file input.txt (compact mmCIF, C-alpha atoms)
# COMPACT_ATOMS: atom_id res chain seq x y z
CA MET A 1 0.00 0.00 0.00
CA SER A 2 1.28 3.45 -0.89
CA ILE A 3 1.84 5.99 1.83
CA ILE A 4 -0.84 8.26 0.33
CA LEU A 5 -3.43 5.47 0.47
CA ARG A 6 -2.45 4.75 4.07
CA ILE A 7 -2.78 8.38 5.11
CA SER A 8 -6.14 8.86 3.36
CA LEU A 9 -7.41 5.61 4.91
CA LEU A 10 -6.29 6.83 8.33
CA ILE A 11 -8.10 10.16 7.84
CA GLY A 12 -11.19 8.27 6.65
CA ILE A 13 -11.19 6.04 9.74
CA LEU A 14 -10.71 9.02 12.06
CA VAL A 15 -13.62 10.92 10.49
CA TYR A 16 -15.73 7.77 10.69
CA VAL A 17 -14.96 7.23 14.39
CA PHE A 18 -15.57 10.92 15.07
CA PHE A 19 -19.04 10.64 13.51
CA ILE A 20 -19.94 7.59 15.55
CA LEU A 21 -18.80 9.34 18.74
CA ARG A 22 -20.82 12.41 17.85
CA MET A 23 -23.94 10.34 17.22
CA LEU A 24 -23.40 8.55 20.51
CA LYS A 25 -23.10 11.87 22.33
CA LYS A 26 -26.27 13.18 20.71
CA GLU A 27 -27.97 9.88 21.63
CA LYS A 28 -28.82 9.17 18.02
CA LEU A 29 -27.05 5.83 18.29
CA THR A 30 -27.16 3.30 21.12
CA LEU A 31 -23.83 2.08 22.42
CA LYS A 32 -24.96 -1.52 21.97
CA TYR A 33 -25.41 -1.02 18.24
CA SER A 34 -22.24 1.04 17.80
CA LEU A 35 -19.91 -1.72 18.99
CA LEU A 36 -19.82 -3.49 15.62
CA TRP A 37 -19.11 -0.20 13.84
CA PHE A 38 -16.24 0.52 16.23
CA PHE A 39 -14.85 -2.96 15.75
CA THR A 40 -14.85 -2.43 11.97
CA ALA A 41 -12.89 0.80 12.44
CA PHE A 42 -10.46 -0.96 14.80
CA VAL A 43 -9.66 -3.76 12.35
CA LEU A 44 -9.14 -1.29 9.51
CA LEU A 45 -6.91 0.81 11.74
CA ILE A 46 -4.68 -2.16 12.56
CA PHE A 47 -4.23 -2.93 8.87
CA ASP A 48 -3.51 0.72 8.19
CA ILE A 49 -0.91 1.13 10.91
CA PHE A 50 0.75 -2.26 10.34
CA PRO A 51 0.68 -2.84 6.56
CA GLN A 52 2.85 -5.95 7.02
CA VAL A 53 -0.16 -7.62 8.71
CA LEU A 54 -2.25 -6.75 5.67
CA SER A 55 0.43 -8.07 3.25
CA PHE A 56 0.67 -11.25 5.28
CA VAL A 57 -3.09 -11.84 5.24
CA SER A 58 -3.19 -11.03 1.51
CA SER A 59 -0.45 -13.52 0.70
CA ILE A 60 -2.21 -16.26 2.67
CA ILE A 61 -5.49 -15.89 0.82
CA GLY A 62 -3.69 -15.23 -2.47
CA ILE A 63 -4.68 -11.63 -3.16
CA LYS A 64 -1.96 -9.75 -5.04
CA ALA A 65 -2.96 -6.16 -4.24
CA PRO A 66 -3.35 -5.68 -0.45
CA ALA A 67 -5.87 -2.86 -1.12
CA ASN A 68 -8.25 -5.55 -2.39
CA THR A 69 -8.02 -7.30 0.97
CA ILE A 70 -9.25 -4.10 2.58
CA PHE A 71 -12.26 -4.17 0.24
CA LEU A 72 -12.92 -7.82 1.02
CA ILE A 73 -12.82 -7.21 4.76
CA LEU A 74 -15.02 -4.15 4.43
CA ILE A 75 -17.63 -6.09 2.45
CA PHE A 76 -17.53 -8.85 5.03
CA PHE A 77 -18.20 -6.39 7.85
CA LEU A 78 -20.97 -4.69 5.87
CA LEU A 79 -22.68 -8.05 5.40
CA ILE A 80 -22.55 -8.78 9.10
CA LEU A 81 -23.79 -5.29 9.92
CA MET A 82 -26.69 -5.66 7.49
CA ILE A 83 -27.72 -9.03 8.85
CA SER A 84 -27.63 -7.64 12.36
CA LEU A 85 -29.79 -4.71 11.21
CA SER A 86 -32.32 -7.13 9.69
CA SER A 87 -32.36 -9.00 12.95
CA ILE A 88 -32.91 -5.80 14.96
CA VAL A 89 -35.78 -4.82 12.66
CA SER A 90 -37.36 -8.27 13.00
CA ILE A 91 -37.18 -8.21 16.78
CA GLN A 92 -38.65 -4.73 16.86
CA HIS A 93 -41.40 -5.75 14.44
CA GLN A 94 -42.39 -8.55 16.78
CA LYS A 95 -42.38 -6.25 19.80
CA ILE A 96 -44.38 -3.52 18.04
CA LYS A 97 -46.94 -6.09 16.89
CA THR A 98 -47.48 -7.37 20.42
CA LEU A 99 -47.67 -3.78 21.65
CA ILE A 100 -50.34 -2.81 19.09
CA GLN A 101 -52.40 -5.91 19.89
CA ASN A 102 -52.33 -5.35 23.63
CA VAL A 103 -52.94 -1.61 23.39
CA SER A 104 -55.92 -2.21 21.09
CA ILE A 105 -57.44 -4.77 23.43
CA LEU A 106 -56.87 -2.46 26.43
CA GLN A 107 -58.43 0.40 24.52
CA LYS A 108 -61.53 -1.71 23.94
CA GLU A 109 -61.69 -2.61 27.61
CA VAL A 110 -61.31 1.03 28.68
CA GLU A 111 -64.13 2.08 26.38
CA GLU A 112 -66.36 -0.66 27.75
CA LEU A 113 -65.66 0.53 31.29
CA LYS A 114 -66.44 4.12 30.32
CA LYS A 115 -69.84 3.11 28.98
CA LYS A 116 -70.82 1.45 32.23
CA MET B 1 -68.34 -24.43 26.41
CA LYS B 2 -67.40 -20.77 26.16
CA THR B 3 -66.83 -20.11 22.48
CA LEU B 4 -65.55 -17.01 20.72
CA ILE B 5 -65.88 -16.35 17.02
CA ILE B 6 -63.03 -14.24 15.66
CA ILE B 7 -63.83 -12.25 12.53
CA PRO B 8 -60.89 -10.36 11.03
CA ALA B 9 -62.13 -7.50 8.86
CA TYR B 10 -60.30 -5.13 6.56
CA ASN B 11 -62.47 -2.88 4.38
CA GLU B 12 -65.53 -5.10 4.65
CA GLN B 13 -68.25 -2.44 4.88
CA ASP B 14 -70.61 -4.32 2.57
CA SER B 15 -70.44 -7.74 4.17
CA ILE B 16 -69.59 -7.33 7.84
CA ILE B 17 -73.17 -6.70 9.04
CA LYS B 18 -74.46 -9.73 7.16
CA VAL B 19 -71.77 -11.94 8.69
CA VAL B 20 -72.50 -10.72 12.22
CA GLU B 21 -76.27 -11.01 11.76
CA SER B 22 -75.97 -14.57 10.50
CA ILE B 23 -73.77 -15.45 13.48
CA LYS B 24 -76.40 -14.09 15.86
CA GLU B 25 -78.98 -16.15 14.05
CA ASN B 26 -77.07 -19.41 13.58
CA CYS B 27 -75.05 -19.56 16.78
CA PRO B 28 -76.62 -17.38 19.46
CA TYR B 29 -74.70 -19.35 22.11
CA CYS B 30 -71.34 -18.08 20.85
CA ASP B 31 -69.68 -14.74 21.52
CA TYR B 32 -68.05 -12.99 18.64
CA VAL B 33 -65.46 -10.27 18.15
CA VAL B 34 -64.68 -8.38 14.96
CA ILE B 35 -61.06 -7.33 14.56
CA ASN B 36 -61.03 -4.12 12.57
CA ASP B 37 -57.53 -3.93 11.09
CA CYS B 38 -57.54 -0.18 10.40
CA SER B 39 -60.14 -0.33 7.65
CA LYS B 40 -60.12 2.74 5.45
CA ASP B 41 -63.78 2.51 4.45
CA ASN B 42 -66.92 2.73 6.57
CA THR B 43 -66.29 -0.47 8.52
CA PRO B 44 -65.32 1.25 11.83
CA LYS B 45 -68.39 3.50 11.68
CA ILE B 46 -70.69 0.55 10.98
CA LEU B 47 -69.15 -1.41 13.87
CA ASP B 48 -69.76 1.52 16.25
CA ASP B 49 -73.27 2.33 15.03
CA GLU B 50 -74.54 -1.22 15.07
CA ASN B 51 -73.02 -1.85 18.47
CA ILE B 52 -71.02 -4.84 17.25
CA ASN B 53 -68.44 -6.20 19.68
CA HIS B 54 -65.14 -5.25 18.08
CA ILE B 55 -61.49 -4.37 18.59
CA ASP B 56 -60.04 -1.50 16.58
CA LEU B 57 -56.36 -2.16 15.99
CA CYS B 58 -54.50 1.13 16.25
CA CYS B 59 -52.11 0.24 13.41
CA ASN B 60 -52.62 -2.06 10.46
CA LEU B 61 -51.15 -5.49 11.23
CA GLY B 62 -52.33 -7.62 8.33
CA ILE B 63 -54.35 -10.81 8.57
CA GLY B 64 -51.97 -12.75 10.83
CA GLY B 65 -51.57 -10.02 13.44
CA GLY B 66 -55.31 -9.33 13.33
CA VAL B 67 -56.38 -12.91 13.92
CA GLN B 68 -53.73 -13.23 16.61
CA SER B 69 -55.29 -10.26 18.43
CA GLY B 70 -58.49 -12.30 18.47
CA TYR B 71 -56.65 -15.24 20.02
CA ILE B 72 -55.06 -12.96 22.63
CA TYR B 73 -58.52 -11.59 23.42
CA ALA B 74 -59.90 -15.14 23.71
CA CYS B 75 -56.98 -16.11 25.94
CA LYS B 76 -57.46 -13.10 28.22
CA ASN B 77 -61.18 -13.66 28.58
CA GLY B 78 -60.98 -17.36 29.33
CA TYR B 79 -62.60 -18.87 26.26
CA ASP B 80 -62.38 -22.65 25.85
CA CYS B 81 -62.82 -22.62 22.11
CA ALA B 82 -62.12 -20.08 19.38
CA VAL B 83 -63.46 -20.14 15.83
CA GLN B 84 -62.05 -17.92 13.13
CA ILE B 85 -64.04 -17.04 10.05
CA ASP B 86 -63.48 -14.49 7.29
CA GLY B 87 -65.32 -11.19 7.40
CA ASP B 88 -66.15 -11.24 3.70
CA GLY B 89 -69.03 -13.70 3.80
CA GLN B 90 -67.15 -16.56 2.12
CA HIS B 91 -67.69 -18.82 5.08
CA ASP B 92 -71.23 -19.87 5.84
CA THR B 93 -71.92 -19.40 9.54
CA LYS B 94 -74.34 -22.32 9.68
CA TYR B 95 -71.29 -24.61 9.60
CA ILE B 96 -69.83 -23.09 12.75
CA LYS B 97 -71.56 -25.66 14.95
CA ASP B 98 -70.08 -28.47 12.80
CA VAL B 99 -66.59 -27.02 13.16
CA ILE B 100 -67.00 -26.66 16.92
CA ALA B 101 -68.50 -30.13 17.44
CA PRO B 102 -65.20 -32.13 17.30
CA ILE B 103 -63.59 -29.62 19.69
CA GLU B 104 -66.50 -29.89 22.09
CA SER B 105 -66.42 -33.69 22.11
CA GLY B 106 -62.64 -33.64 22.57
CA GLU B 107 -62.21 -35.59 19.36
CA ALA B 108 -59.90 -32.95 17.87
CA ASP B 109 -57.81 -30.00 19.05
CA VAL B 110 -57.94 -28.16 15.76
CA CYS B 111 -60.83 -28.48 13.36
CA ILE B 112 -60.66 -27.10 9.83
CA GLY B 113 -63.63 -26.37 7.62
CA SER B 114 -62.64 -27.66 4.20
CA ARG B 115 -63.94 -27.19 0.67
CA PHE B 116 -62.19 -30.28 -0.62
CA VAL B 117 -63.65 -33.07 1.48
CA THR B 118 -66.86 -33.32 -0.49
CA ASN B 119 -65.82 -30.88 -3.24
CA GLU B 120 -69.06 -28.96 -3.02
CA GLY B 121 -69.62 -25.24 -3.41
CA PHE B 122 -67.07 -22.68 -4.53
CA GLN B 123 -63.84 -24.47 -5.43
CA SER B 124 -61.50 -21.63 -6.46
CA SER B 125 -59.50 -21.55 -9.70
CA LEU B 126 -57.46 -24.48 -11.03
CA SER B 127 -54.13 -22.77 -10.40
CA ARG B 128 -55.06 -22.09 -6.79
CA ARG B 129 -56.23 -25.65 -6.28
CA MET B 130 -52.88 -26.87 -7.63
CA GLY B 131 -51.05 -24.57 -5.27
CA ILE B 132 -53.15 -25.74 -2.37
CA SER B 133 -52.62 -29.42 -3.17
CA PHE B 134 -48.87 -28.82 -3.41
CA LEU B 135 -48.84 -27.17 0.01
CA SER B 136 -51.03 -29.92 1.36
CA SER B 137 -48.48 -32.57 0.27
CA LEU B 138 -45.63 -30.48 1.63
CA ILE B 139 -47.34 -30.18 5.00
CA TYR B 140 -48.01 -33.91 5.02
CA ILE B 141 -44.32 -34.61 4.39
CA ALA B 142 -43.25 -32.04 6.99
CA CYS B 143 -45.44 -33.12 9.86
CA LYS B 144 -47.77 -35.93 8.78
CA ALA B 145 -50.83 -33.74 9.07
CA GLN B 146 -53.43 -34.80 6.54
CA VAL B 147 -55.25 -31.62 5.60
CA LYS B 148 -56.62 -30.99 2.14
CA ASP B 149 -57.72 -27.39 2.40
CA VAL B 150 -54.61 -25.95 4.04
CA THR B 151 -55.42 -22.33 3.22
CA SER B 152 -58.88 -22.40 4.72
CA GLY B 153 -59.34 -19.62 7.25
CA PHE B 154 -62.38 -21.35 8.71
CA ARG B 155 -61.22 -23.23 11.77
CA ALA B 156 -61.85 -23.91 15.42
CA VAL B 157 -59.26 -24.59 18.11
CA ASN B 158 -59.40 -25.51 21.79
CA ARG B 159 -57.90 -23.72 24.78
CA LYS B 160 -54.38 -25.12 24.42
CA TYR B 161 -54.09 -23.87 20.86
CA ILE B 162 -55.69 -20.51 21.68
CA GLU B 163 -52.77 -20.05 24.03
CA LEU B 164 -50.25 -21.28 21.47
CA PHE B 165 -51.57 -19.01 18.71
CA SER B 166 -51.78 -16.02 21.02
CA LYS B 167 -48.03 -16.34 21.48
CA ASN B 168 -47.04 -17.58 18.09
CA TYR B 169 -48.80 -16.85 14.82
CA ALA B 170 -47.36 -15.95 11.42
CA ASP B 171 -47.86 -12.44 10.04
CA ASP B 172 -48.97 -12.98 6.50
CA TYR B 173 -50.60 -16.05 4.96
CA PRO B 174 -50.65 -17.71 8.38
CA GLU B 175 -53.07 -20.59 7.79
CA PRO B 176 -50.72 -23.33 6.50
CA GLU B 177 -48.07 -22.45 9.08
CA ALA B 178 -50.62 -22.61 11.87
CA ILE B 179 -51.42 -26.20 10.85
CA VAL B 180 -47.76 -27.22 11.00
CA LEU B 181 -47.19 -25.40 14.27
CA SER B 182 -50.19 -26.98 15.98
CA LYS B 183 -49.44 -30.45 14.62
CA LEU B 184 -45.84 -30.28 15.81
CA ASN B 185 -47.16 -29.28 19.22
CA GLY B 186 -49.18 -32.46 19.30
CA ALA B 187 -52.56 -31.36 17.97
CA GLU B 188 -55.16 -33.79 16.70
CA ILE B 189 -56.35 -32.12 13.49
CA LYS B 190 -59.70 -32.90 11.91
CA GLU B 191 -61.10 -31.67 8.65
CA ILE B 192 -64.82 -31.38 8.15
CA PRO B 193 -66.68 -30.58 4.92
CA VAL B 194 -68.13 -27.10 4.53
CA ILE B 195 -69.49 -25.23 1.55
CA MET B 196 -67.85 -21.90 0.84
CA HIS B 197 -69.22 -19.08 -1.26
CA GLU B 198 -67.42 -16.96 -3.77
CA ARG B 199 -66.71 -13.63 -2.12
CA GLU B 200 -69.47 -11.12 -2.74
CA ASN B 201 -67.63 -7.86 -2.24
CA GLY B 202 -64.11 -6.59 -1.83
CA VAL B 203 -60.95 -8.16 -3.17
CA SER B 204 -59.05 -11.23 -2.05
CA SER B 205 -55.92 -10.53 -0.07
CA ILE B 206 -53.97 -12.65 -2.54
CA SER B 207 -53.59 -11.16 -6.02
CA PRO B 208 -52.14 -13.30 -8.84
CA LEU B 209 -48.86 -11.42 -8.56
CA LYS B 210 -48.58 -12.19 -4.89
CA SER B 211 -49.26 -15.88 -5.29
CA VAL B 212 -45.67 -16.65 -6.29
CA TYR B 213 -44.46 -14.91 -3.16
CA TYR B 214 -47.14 -16.78 -1.25
CA MET B 215 -45.96 -20.19 -2.44
CA ILE B 216 -42.28 -19.49 -1.75
CA LYS B 217 -42.91 -17.90 1.62
CA VAL B 218 -45.28 -20.59 2.86
CA SER B 219 -43.15 -23.49 1.61
CA LEU B 220 -40.11 -22.04 3.32
CA ALA B 221 -42.09 -21.37 6.49
CA VAL B 222 -43.33 -24.96 6.58
CA LEU B 223 -39.84 -26.36 6.16
CA ILE B 224 -38.26 -24.02 8.71
CA CYS B 225 -41.04 -24.75 11.16
CA ARG B 226 -40.37 -28.46 10.66
CA PHE B 227 -36.69 -28.18 11.47
CA TYR B 228 -37.01 -25.92 14.49
CA VAL B 229 -39.90 -27.41 16.40
CA LYS B 230 -39.55 -30.87 17.84
CA ARG B 231 -42.68 -32.96 17.58
CA GLY B 232 -44.71 -32.73 20.76
CA GLY B 233 -41.99 -30.52 22.16
CA LYS B 234 -42.00 -26.90 23.11
CA GLN B 235 -42.91 -24.06 20.84
CA ILE B 236 -40.44 -21.99 18.89

call {"tool": "encode", "arguments": {"input": "input.txt", "output": "structure tokens"}}
result
Amino acid sequence: MSIILRISLLIGILVYVFFILRMLKKEKLTLKYSLLWFFTAFVLLIFDIFPQVLSFVSSIIGIKAPANTIFLILIFFLLILMISLSSIVSIQHQKIKTLIQNVSILQKEVEELKKK
Amino acid sequence: MKTLIIIPAYNEQDSIIKVVESIKENCPYCDYVVINDCSKDNTPKILDDENINHIDLCCNLGIGGGVQSGYIYACKNGYDCAVQIDGDGQHDTKYIKDVIAPIESGEADVCIGSRFVTNEGFQSSLSRRMGISFLSSLIYIACKAQVKDVTSGFRAVNRKYIELFSKNYADDYPEPEAIVLSKLNGAEIKEIPVIMHERENGVSSISPLKSVYYMIKVSLAVLICRFYVKRGGKQI
């Protein structure tokens, strides 16, 4: 990896981490859900600071240009993040459904009590 | 036996009164509840004006979530038996007593009103019948439940399965999944012949375009259900 690529990657990671921290501070992101994002930044940072690690990993899996390994790892993390988002949405869907059902039944009961 | 009839309704302003009237006439010994799933037409007004026992869902949940609300209501109010019928007048309420009978005698835990036992009345199109018979075979392979009309929304269940469905019921196209789920939880399923009518008003919830999605979704659901629930074991 060229020094320019390394520096721009470093700046990118720093901006990225700064944004996550800002969102956390503004409570637009829950800490629980930010952990995976932080971990992604951490792994990228290690590869950026120690390019020999990246070259080593690349040679093992047979990728000639180490930059491609970065892409591969990024895509891998994105997949995991997206699956976890789907899972969060599904869990919330289930909870909201139960909530709507119970609220609606309670509403009916309250109205019946009012009539009496 | 304390019996509740669950009638899910979405935009059924033309048929809902008829359905409720015929229930009052044919089974005066049963309670009923209409689940209004955020209808956009006059259904909520009709339900209020005619003093029909109903639950207004505060957000649209679709058929599965709506029917499940009925099961939760039945569970909360201590009903021993719950019958679900469609709000569009397809199901003839005079068969309700036939559907309840096996539950009452303890002969079955789940009783399904089926068009295909005697093949009388409205039979649906050929393509739908093929789809239904495919699902029927799939369900037989998955859990050895012999049901011909797997998509029928005309069914009665006893207390144990009211509780099961109030906790666990699929969101869309729930009927075939409910069969697998109840069978894997040890239900005795019985199918009795009923005559269904072609719907008078409104549109079916399943358009031709959606039927492909329907088949894929339901087949997958049946298989997944098979692998994750142990027979006679605990629920998912």

call {"tool": "residues_around", "arguments": {"input": "input.txt", "residues": "range 89-95 of chain B", "least_positions_apart": "6", "cutoff": "8 Å", "atoms": "all atoms listed in the file", "output": "PyMOL selection string"}}
result
chain B and resi 15-16+18-19+22-23+26-27+154+194-200

call {"tool": "atom_distance", "arguments": {"input": "input.txt", "atom1": "CA of Pro193 in chain B", "atom2": "CA of Ser114 in chain B"}}
result
5.0 Å

call {"tool": "atom_distance", "arguments": {"input": "input.txt", "atom1": "CA of Asn11 in chain B", "atom2": "CA of Thr43 in chain B"}}
result
6.1 Å

call {"tool": "interface_residues", "arguments": {"input": "input.txt", "of": "chain B", "to": "chain A", "cutoff": "10 Å", "atoms": "all atoms listed in the file", "output": "PyMOL selection string"}}
result
chain B and resi 35+53-61+65-66+68-70+72-73+76+166-167+171

call {"tool": "atom_distance", "arguments": {"input": "input.txt", "atom1": "CA of Leu4 in chain B", "atom2": "CA of Asp80 in chain B"}}
result
8.3 Å

call {"tool": "residues_near_point", "arguments": {"input": "input.txt", "point": "(-22.5, 1.6, 16.8)", "cutoff": "12 Å", "atoms": "all atoms listed in the file", "output": "JSON list (two decimals) with C-alpha atoms, in the coordinates of the input"}}
result
[["chain", "number", "residue", "atom", "x", "y", "z"],
["A", 16, "TYR", "CA", -15.73, 7.77, 10.69],
["A", 17, "VAL", "CA", -14.96, 7.23, 14.39],
["A", 18, "PHE", "CA", -15.57, 10.92, 15.07],
["A", 19, "PHE", "CA", -19.04, 10.64, 13.51],
["A", 20, "ILE", "CA", -19.94, 7.59, 15.55],
["A", 21, "LEU", "CA", -18.80, 9.34, 18.74],
["A", 22, "ARG", "CA", -20.82, 12.41, 17.85],
["A", 23, "MET", "CA", -23.94, 10.34, 17.22],
["A", 24, "LEU", "CA", -23.40, 8.55, 20.51],
["A", 25, "LYS", "CA", -23.10, 11.87, 22.33],
["A", 27, "GLU", "CA", -27.97, 9.88, 21.63],
["A", 28, "LYS", "CA", -28.82, 9.17, 18.02],
["A", 29, "LEU", "CA", -27.05, 5.83, 18.29],
["A", 30, "THR", "CA", -27.16, 3.30, 21.12],
["A", 31, "LEU", "CA", -23.83, 2.08, 22.42],
["A", 32, "LYS", "CA", -24.96, -1.52, 21.97],
["A", 33, "TYR", "CA", -25.41, -1.02, 18.24],
["A", 34, "SER", "CA", -22.24, 1.04, 17.80],
["A", 35, "LEU", "CA", -19.91, -1.72, 18.99],
["A", 36, "LEU", "CA", -19.82, -3.49, 15.62],
["A", 37, "TRP", "CA", -19.11, -0.20, 13.84],
["A", 38, "PHE", "CA", -16.24, 0.52, 16.23],
["A", 39, "PHE", "CA", -14.85, -2.96, 15.75],
["A", 40, "THR", "CA", -14.85, -2.43, 11.97],
["A", 41, "ALA", "CA", -12.89, 0.80, 12.44],
["A", 81, "LEU", "CA", -23.79, -5.29, 9.92],
["A", 84, "SER", "CA", -27.63, -7.64, 12.36],
["A", 85, "LEU", "CA", -29.79, -4.71, 11.21]]

call {"tool": "residues_around", "arguments": {"input": "input.txt", "residues": "Ser152 in chain B", "least_positions_apart": "3", "cutoff": "12 Å", "atoms": "all atoms listed in the file", "output": "PyMOL selection string"}}
result
chain B and resi 84-86+90-91+111-116+123-124+129+132+136+147-149+155-156+173-179+191-196

call {"tool": "write_last_selection", "arguments": {"input": "input.txt", "atoms": "C-alpha atoms", "output": "CSV table (one decimal), in the frame of the given file"}}
result
chain,number,residue,atom,x,y,z
B,84,GLN,CA,-62.0,-17.9,13.1
B,85,ILE,CA,-64.0,-17.0,10.0
B,86,ASP,CA,-63.5,-14.5,7.3
B,90,GLN,CA,-67.2,-16.6,2.1
B,91,HIS,CA,-67.7,-18.8,5.1
B,111,CYS,CA,-60.8,-28.5,13.4
B,112,ILE,CA,-60.7,-27.1,9.8
B,113,GLY,CA,-63.6,-26.4,7.6
B,114,SER,CA,-62.6,-27.7,4.2
B,115,ARG,CA,-63.9,-27.2,0.7
B,116,PHE,CA,-62.2,-30.3,-0.6
B,123,GLN,CA,-63.8,-24.5,-5.4
B,124,SER,CA,-61.5,-21.6,-6.5
B,129,ARG,CA,-56.2,-25.6,-6.3
B,132,ILE,CA,-53.2,-25.7,-2.4
B,136,SER,CA,-51.0,-29.9,1.4
B,147,VAL,CA,-55.2,-31.6,5.6
B,148,LYS,CA,-56.6,-31.0,2.1
B,149,ASP,CA,-57.7,-27.4,2.4
B,155,ARG,CA,-61.2,-23.2,11.8
B,156,ALA,CA,-61.8,-23.9,15.4
B,173,TYR,CA,-50.6,-16.0,5.0
B,174,PRO,CA,-50.6,-17.7,8.4
B,175,GLU,CA,-53.1,-20.6,7.8
B,176,PRO,CA,-50.7,-23.3,6.5
B,177,GLU,CA,-48.1,-22.4,9.1
B,178,ALA,CA,-50.6,-22.6,11.9
B,179,ILE,CA,-51.4,-26.2,10.8
B,191,GLU,CA,-61.1,-31.7,8.6
B,192,ILE,CA,-64.8,-31.4,8.2
B,193,PRO,CA,-66.7,-30.6,4.9
B,194,VAL,CA,-68.1,-27.1,4.5
B,195,ILE,CA,-69.5,-25.2,1.6
B,196,MET,CA,-67.8,-21.9,0.8

call {"tool": "decode", "arguments": {"input": "input.txt", "residues": "range 97-157 of chain B", "atoms": "C-alpha atoms", "output": "tab-separated table (two decimals), in the first residue's frame"}}
result
chain	number	residue	atom	x	y	z
B	97	LYS	CA	-71.56	-25.66	14.95
B	98	ASP	CA	-70.08	-28.47	12.80
B	99	VAL	CA	-66.59	-27.02	13.16
B	100	ILE	CA	-67.00	-26.66	16.92
B	101	ALA	CA	-68.50	-30.13	17.44
B	102	PRO	CA	-65.20	-32.13	17.30
B	103	ILE	CA	-63.59	-29.62	19.69
B	104	GLU	CA	-66.50	-29.89	22.09
B	105	SER	CA	-66.42	-33.69	22.11
B	106	GLY	CA	-62.64	-33.64	22.57
B	107	GLU	CA	-62.21	-35.59	19.36
B	108	ALA	CA	-59.90	-32.95	17.87
B	109	ASP	CA	-57.81	-30.00	19.05
B	110	VAL	CA	-57.94	-28.16	15.76
B	111	CYS	CA	-60.83	-28.48	13.36
B	112	ILE	CA	-60.66	-27.10	9.83
B	113	GLY	CA	-63.63	-26.37	7.62
B	114	SER	CA	-62.64	-27.66	4.20
B	115	ARG	CA	-63.94	-27.19	0.67
B	116	PHE	CA	-62.19	-30.28	-0.62
B	117	VAL	CA	-63.65	-33.07	1.48
B	118	THR	CA	-66.86	-33.32	-0.49
B	119	ASN	CA	-65.82	-30.88	-3.24
B	120	GLU	CA	-69.06	-28.96	-3.02
B	121	GLY	CA	-69.62	-25.24	-3.41
B	122	PHE	CA	-67.07	-22.68	-4.53
B	123	GLN	CA	-63.84	-24.47	-5.43
B	124	SER	CA	-61.50	-21.63	-6.46
B	125	SER	CA	-59.50	-21.55	-9.70
B	126	LEU	CA	-57.46	-24.48	-11.03
B	127	SER	CA	-54.13	-22.77	-10.40
B	128	ARG	CA	-55.06	-22.09	-6.79
B	129	ARG	CA	-56.23	-25.65	-6.28
B	130	MET	CA	-52.88	-26.87	-7.63
B	131	GLY	CA	-51.05	-24.57	-5.27
B	132	ILE	CA	-53.15	-25.74	-2.37
B	133	SER	CA	-52.62	-29.42	-3.17
B	134	PHE	CA	-48.87	-28.82	-3.41
B	135	LEU	CA	-48.84	-27.17	0.01
B	136	SER	CA	-51.03	-29.92	1.36
B	137	SER	CA	-48.48	-32.57	0.27
B	138	LEU	CA	-45.63	-30.48	1.63
B	139	ILE	CA	-47.34	-30.18	5.00
B	140	TYR	CA	-48.01	-33.91	5.02
B	141	ILE	CA	-44.32	-34.61	4.39
B	142	ALA	CA	-43.25	-32.04	6.99
B	143	CYS	CA	-45.44	-33.12	9.86
B	144	LYS	CA	-47.77	-35.93	8.78
B	145	ALA	CA	-50.83	-33.74	9.07
B	146	GLN	CA	-53.43	-34.80	6.54
B	147	VAL	CA	-55.25	-31.62	5.60
B	148	LYS	CA	-56.62	-30.99	2.14
B	149	ASP	CA	-57.72	-27.39	2.40
B	150	VAL	CA	-54.61	-25.95	4.04
B	151	THR	CA	-55.42	-22.33	3.22
B	152	SER	CA	-58.88	-22.40	4.72
B	153	GLY	CA	-59.34	-19.62	7.25
B	154	PHE	CA	-62.38	-21.35	8.71
B	155	ARG	CA	-61.22	-23.23	11.77
B	156	ALA	CA	-61.85	-23.91	15.42
B	157	VAL	CA	-59.26	-24.59	18.11
